[in-house]
Amino acid sequence: MRESEEAATAGTGAPEGDARSAQNAADTPGAPGAPNARDAVRALRPSQIREVANAGFGVPDVLPFWFGESDRVTPQFIRDAASRALADGATFYTHNLGIAPLREALADYVSALHGETTPGHVAVTSAGVNALMLAAQLVVGAGDRAVAVTPLWPNLVEIPKILGASVETVSLTYGADGWTLDVERLLAALTPGTRMLMINSPNNPTGWTMTREAQRTVLEHCRRHGIWIVADEVYERLHYGAHGRPAPSFLDLATRDERVIAVNSFSKAWLMTGWRLGWLVAPAGLMDDLGKLVEYNTSCAPSFVQQAGVVAVREGERFTQSLVADLRASRDHLVAALQSIPGIDVRSPAGAMYLFFSLPGGEHSLELCKALVREAGLGLAPGSAFGEEGEGFVRWCYACDPARLDAGVARLRGFLASRGLA
Ligand SMILES: Cc1ncc(COP(=O)(O)O)c(C=O)c1O
C-alpha cells in the first residue's frame, strides 16, 4: 500500500482492499472533520515555481525568468485575426474536435513537417496541458502503470495520478555531453503491461532532444508490448539543429493509426500562451471517444481563438522561423554570459527555451531560488520542481530581450559575490 493510502486507512479502520474507503477515507460521507478533496488530488505536488514566485511578493522590480513564456506579445497579424473573428460574431460553441478550417490547416501543417496526416487524425484542444489531460484520459485509468522520462515539467507526471494511475520515472543522466537518455534503462522500465510512456522532447526543463535512433528503438519496443506513446512535442519548432527543421518527432516514424498520440500547442511557436489553444494528432479510430472527453472537459476551444489559430498556422511560418533565430541568439548570449561566472556549469541545449544549469550554493535549489528572488530580485525556477534528479540545478527561460538577460546575469553575479560564492 502506498503511504497516502496507509494514512487514510489507519484513520477509519477501513478494511484493506476496500478501494473506496482506502482512497477517500478522509472524506467518507458522515465522517467528522473538514471536507477534503480525494486523496489522489491531495497527494499531487504543488508547484515549487509558484512557491518561489510567492516568496517574491512585495519585492519591487523582480526580473522574472521562472515561467515558460516569452516577454513578447502574440504577433499582430494573429491578434487582428481574433479581433476580426469577434467582430464577425464568432462567439458560439464549435464542434468538439475543432472547427473544420483549423483541423484542415493543422493537417496540412503536420503533413508538411511529418508526413501525410488527415484532418480526421487531428483534434483541437484548449492548449497543450488540456491535450495532455485528454491523452491520459483516453488511455490510462485507476491502477494503470505509466512511465515518464525526467527531469520534466511536472504536469506530465502529475496528470496520470489524477486518474489513479501510477507513474514510474526514468531519469536522464547528466554528464560531459549534457543531459542524455540511457535507452536501455528506459526499455527496461517499459515492462509488458505498462499502459503509457509520456515523453517530452525537446524537453522542459533541460532542452534535451531525443534522437531519431532512440525514438525508433523506443517505438519498436512499445509496438511489441502494446504500450501507448504520448509524445509531448510542444517545443518541436524551438529546435536549433538544421535551419528551420523541427526536432525529430515520433510522427516521422509512426503510422497515424497506431498507439502514438502527439501533443502540441500554439503557445510556443506563435507566442500564444494566454490563448489556450493546442492540438492532438491521434489515430482516427480514437476521435469519437476523444470527442466525448472534450465534451465533458471543455466542450470546445473558444471559437474566435480557433479562427485566429487558422491564420497562425496558415500565415505564421515566417514569424516562427524568425522567432527561432531570436531564441537561438538569446540562448547563445545567455550561455556565454553565464559561462563567464566561476562555478557555473552550463551547456547549450539543442531545443526548447531554457538553460538548466548548476551553480555554487545550488544544492538546495528551492531555498536558493527563494533567496535569489528575495535578495536579488531574480526569478529562476528551482531544479527540484522538475523531479529529484533536477536538484542542484536551476532553470532560466531565455525567451526575452538580451538586455534583460544581461540585467539578470548582473544580479546573479552580485548575489553570488555577496555570499562569497563567486
Ligand atoms: C513540456 C510542456 N508541455 C506542455 C506545455 C503546455 O503548454 P500550453 O498549455 O500553454 O499549451 C508546456 C508549457 O510550458 C510544457 O512546458
# chains A, B, ... in the order shown; residues from 1 in each chain; ligands from 1
>>> residues_around(residues="Glu388 (chain A)", least_positions_apart="5", cutoff="10 Å", atoms="only C-alpha atoms", output="ChimeraX atom specification")
/A:150-151,171,383
>>> residues_around(residues="Ala350 (chain A)", least_positions_apart="2", cutoff="12 Å", atoms="only C-alpha atoms", output="MDAnalysis selection string")
chainID A and resid 177:180 201:211 235:242 246:248 324 327:328 331:332 347:348 352:355
>>> residues_near_ligand(ligand="ligand 1", cutoff="9 Å", atoms="only C-alpha atoms and all ligand atoms", output="ChimeraX atom specification")
/A:67-69,126-132,152-156,199-205,232-235,263-268,272-279,352
>>> closest_residue(among="A:Leu251, A:Ala55, A:Val218, A:Ile99", to="Leu113 (chain A)", atoms="only C-alpha atoms")
A:Leu251
>>> closest_residue(among="A:Ala312, A:Val335, A:Ala142, A:Val122", to="Gly291 (chain A)", atoms="only C-alpha atoms")
A:Val122
>>> select_by_dssp(residues="region 39-182 of chain A", states="strand (DSSP E or B)", output="PyMOL selection string")
chain A and resi 63-64+122-125+145-150+166-171+173-175+178-180
>>> closest_atom_pairs(of="region 17-108 of chain A", to="region 280-285 of chain A", cutoff="10 Å", atoms="only C-alpha atoms", output="JSON lines")
{"residue": "A:Leu97", "atom": "CA", "partner": "A:Leu280", "partner_atom": "CA", "distance": 9.7}
{"residue": "A:Leu106", "atom": "CA", "partner": "A:Val281", "partner_atom": "CA", "distance": 9.4}
{"residue": "A:Ala107", "atom": "CA", "partner": "A:Val281", "partner_atom": "CA", "distance": 8.8}
>>> closest_residue(among="A:Pro160, A:Gly387, A:Pro75, A:Pro119", to="Trp270 (chain A)", atoms="only C-alpha atoms")
A:Pro75
>>> closest_residue(among="A:Met198, A:Leu421, A:Val157, A:Ala329", to="Arg45 (chain A)", atoms="only C-alpha atoms")
A:Val157
>>> select_by_dssp(residues="region 169-237 of chain A", states="alpha helix (DSSP H)", output="PyMOL selection string")
chain A and resi 183-189+212-225
>>> residues_around(residues="Arg79 (chain A)", least_positions_apart="3", cutoff="12 Å", atoms="only C-alpha atoms", output="VMD selection string")
chain A and resid 73 to 76 82 to 86 270 to 272 274 to 275 304 to 312
>>> write_last_selection(atoms="C-alpha atoms", output="short mmCIF file (atom, residue, chain, number, x, y, z; two decimals), in the first residue's frame")
data_model
loop_
_atom_site.label_atom_id
_atom_site.label_comp_id
_atom_site.auth_asym_id
_atom_site.auth_seq_id
_atom_site.Cartn_x
_atom_site.Cartn_y
_atom_site.Cartn_z
CA VAL A 73 3.06 39.67 -27.10
CA THR A 74 1.43 37.48 -29.75
CA PRO A 75 2.20 38.80 -33.27
CA GLN A 76 -0.14 41.49 -34.54
CA ALA A 82 -9.03 37.21 -33.44
CA SER A 83 -10.44 40.77 -33.45
CA ARG A 84 -11.97 40.18 -36.87
CA ALA A 85 -13.47 36.88 -35.76
CA LEU A 86 -15.00 38.52 -32.69
CA TRP A 270 3.36 31.52 -32.18
CA LEU A 271 3.66 33.08 -28.69
CA MET A 272 0.04 32.35 -27.82
CA GLY A 274 -2.71 33.11 -22.93
CA TRP A 275 -4.99 31.99 -25.76
CA PHE A 304 -12.67 33.18 -32.18
CA VAL A 305 -9.43 31.75 -30.79
CA GLN A 306 -9.68 28.83 -33.21
CA GLN A 307 -10.21 31.23 -36.10
CA ALA A 308 -7.06 33.12 -35.11
CA GLY A 309 -5.34 29.75 -34.95
CA VAL A 310 -6.10 29.15 -38.63
CA VAL A 311 -4.29 32.37 -39.50
CA ALA A 312 -1.34 31.49 -37.23
#
>>> closest_residue(among="A:Val62, A:Leu134, A:Val124, A:Ala385", to="Tyr296 (chain A)", atoms="only C-alpha atoms")
A:Leu134
>>> residues_around(residues="Glu168 (chain A)", least_positions_apart="6", cutoff="7 Å", atoms="only C-alpha atoms", output="list in words")
Ala146, Val147 and Ala148 of chain A
>>> write_last_selection(atoms="N, CA and C atoms", output="PDB file, in the first residue's frame")
ATOM      1  N   ALA A 146       2.167   3.987 -15.747  1.00  0.00           N
ATOM      2  CA  ALA A 146       2.727   4.857 -16.789  1.00  0.00           C
ATOM      3  C   ALA A 146       4.196   5.096 -16.469  1.00  0.00           C
ATOM      4  N   VAL A 147       4.950   5.452 -17.489  1.00  0.00           N
ATOM      5  CA  VAL A 147       6.382   5.742 -17.324  1.00  0.00           C
ATOM      6  C   VAL A 147       6.636   7.124 -17.928  1.00  0.00           C
ATOM      7  N   ALA A 148       7.474   7.913 -17.248  1.00  0.00           N
ATOM      8  CA  ALA A 148       7.829   9.238 -17.779  1.00  0.00           C
ATOM      9  C   ALA A 148       9.330   9.443 -17.645  1.00  0.00           C
TER      10      ALA A 148
END
>>> residues_around(residues="region 392-407 of chain A", least_positions_apart="6", cutoff="6 Å", atoms="only C-alpha atoms", output="PyMOL selection string")
chain A and resi 65+70-71+330+353-358+362-363+365+380-383
>>> write_last_selection(atoms="N, CA and C atoms", output="PDB file, in the first residue's frame")
ATOM      1  N   PHE A  65      12.305  35.168 -14.774  1.00  0.00           N
ATOM      2  CA  PHE A  65      12.695  34.227 -15.834  1.00  0.00           C
ATOM      3  C   PHE A  65      12.182  32.830 -15.478  1.00  0.00           C
ATOM      4  N   SER A  70       7.505  33.790 -23.398  1.00  0.00           N
ATOM      5  CA  SER A  70       8.273  34.920 -23.898  1.00  0.00           C
ATOM      6  C   SER A  70       7.788  36.210 -23.253  1.00  0.00           C
ATOM      7  N   ASP A  71       8.631  37.245 -23.283  1.00  0.00           N
ATOM      8  CA  ASP A  71       8.186  38.555 -22.804  1.00  0.00           C
ATOM      9  C   ASP A  71       7.519  39.355 -23.929  1.00  0.00           C
ATOM     10  N   SER A 330      19.424  34.503 -28.236  1.00  0.00           N
ATOM     11  CA  SER A 330      19.290  34.704 -26.783  1.00  0.00           C
ATOM     12  C   SER A 330      19.956  33.567 -26.022  1.00  0.00           C
ATOM     13  N   MET A 353      13.467  26.418 -24.626  1.00  0.00           N
ATOM     14  CA  MET A 353      13.857  27.822 -24.412  1.00  0.00           C
ATOM     15  C   MET A 353      14.361  28.063 -23.002  1.00  0.00           C
ATOM     16  N   TYR A 354      15.060  27.054 -22.482  1.00  0.00           N
ATOM     17  CA  TYR A 354      15.546  27.124 -21.110  1.00  0.00           C
ATOM     18  C   TYR A 354      17.014  26.744 -21.038  1.00  0.00           C
ATOM     19  N   LEU A 355      17.716  27.354 -20.062  1.00  0.00           N
ATOM     20  CA  LEU A 355      19.004  26.806 -19.640  1.00  0.00           C
ATOM     21  C   LEU A 355      18.763  26.166 -18.279  1.00  0.00           C
ATOM     22  N   PHE A 356      19.278  24.963 -18.110  1.00  0.00           N
ATOM     23  CA  PHE A 356      19.119  24.222 -16.861  1.00  0.00           C
ATOM     24  C   PHE A 356      20.531  23.964 -16.388  1.00  0.00           C
ATOM     25  N   PHE A 357      20.969  24.721 -15.379  1.00  0.00           N
ATOM     26  CA  PHE A 357      22.389  24.705 -15.048  1.00  0.00           C
ATOM     27  C   PHE A 357      22.602  24.632 -13.535  1.00  0.00           C
ATOM     28  N   SER A 358      23.797  24.162 -13.164  1.00  0.00           N
ATOM     29  CA  SER A 358      24.137  24.098 -11.744  1.00  0.00           C
ATOM     30  C   SER A 358      25.001  25.304 -11.390  1.00  0.00           C
ATOM     31  N   GLY A 362      23.804  25.844  -5.035  1.00  0.00           N
ATOM     32  CA  GLY A 362      22.530  25.388  -5.597  1.00  0.00           C
ATOM     33  C   GLY A 362      22.071  24.023  -5.118  1.00  0.00           C
ATOM     34  N   GLU A 363      22.732  23.447  -4.118  1.00  0.00           N
ATOM     35  CA  GLU A 363      22.387  22.081  -3.684  1.00  0.00           C
ATOM     36  C   GLU A 363      20.932  22.004  -3.225  1.00  0.00           C
ATOM     37  N   SER A 365      17.952  23.783  -4.296  1.00  0.00           N
ATOM     38  CA  SER A 365      17.585  24.766  -5.325  1.00  0.00           C
ATOM     39  C   SER A 365      16.357  25.592  -4.930  1.00  0.00           C
ATOM     40  N   LEU A 380      14.159  32.732 -10.809  1.00  0.00           N
ATOM     41  CA  LEU A 380      14.509  31.492 -11.525  1.00  0.00           C
ATOM     42  C   LEU A 380      13.655  30.354 -10.967  1.00  0.00           C
ATOM     43  N   ALA A 381      13.547  29.266 -11.725  1.00  0.00           N
ATOM     44  CA  ALA A 381      12.770  28.108 -11.265  1.00  0.00           C
ATOM     45  C   ALA A 381      13.719  27.086 -10.649  1.00  0.00           C
ATOM     46  N   PRO A 382      13.375  26.526  -9.474  1.00  0.00           N
ATOM     47  CA  PRO A 382      14.270  25.547  -8.842  1.00  0.00           C
ATOM     48  C   PRO A 382      14.245  24.221  -9.589  1.00  0.00           C
ATOM     49  N   GLY A 383      15.418  23.599  -9.728  1.00  0.00           N
ATOM     50  CA  GLY A 383      15.500  22.325 -10.445  1.00  0.00           C
ATOM     51  C   GLY A 383      14.660  21.235  -9.805  1.00  0.00           C
TER      52      GLY A 383
END
>>> atom_distance(atom1="CA of Ala135 (chain A)", atom2="CA of Ala262 (chain A)")
8.8 Å
>>> closest_residue(among="A:Ala269, A:Ile49, A:Ile261, A:Leu368", to="Gly244 (chain A)", atoms="only C-alpha atoms")
A:Ala269
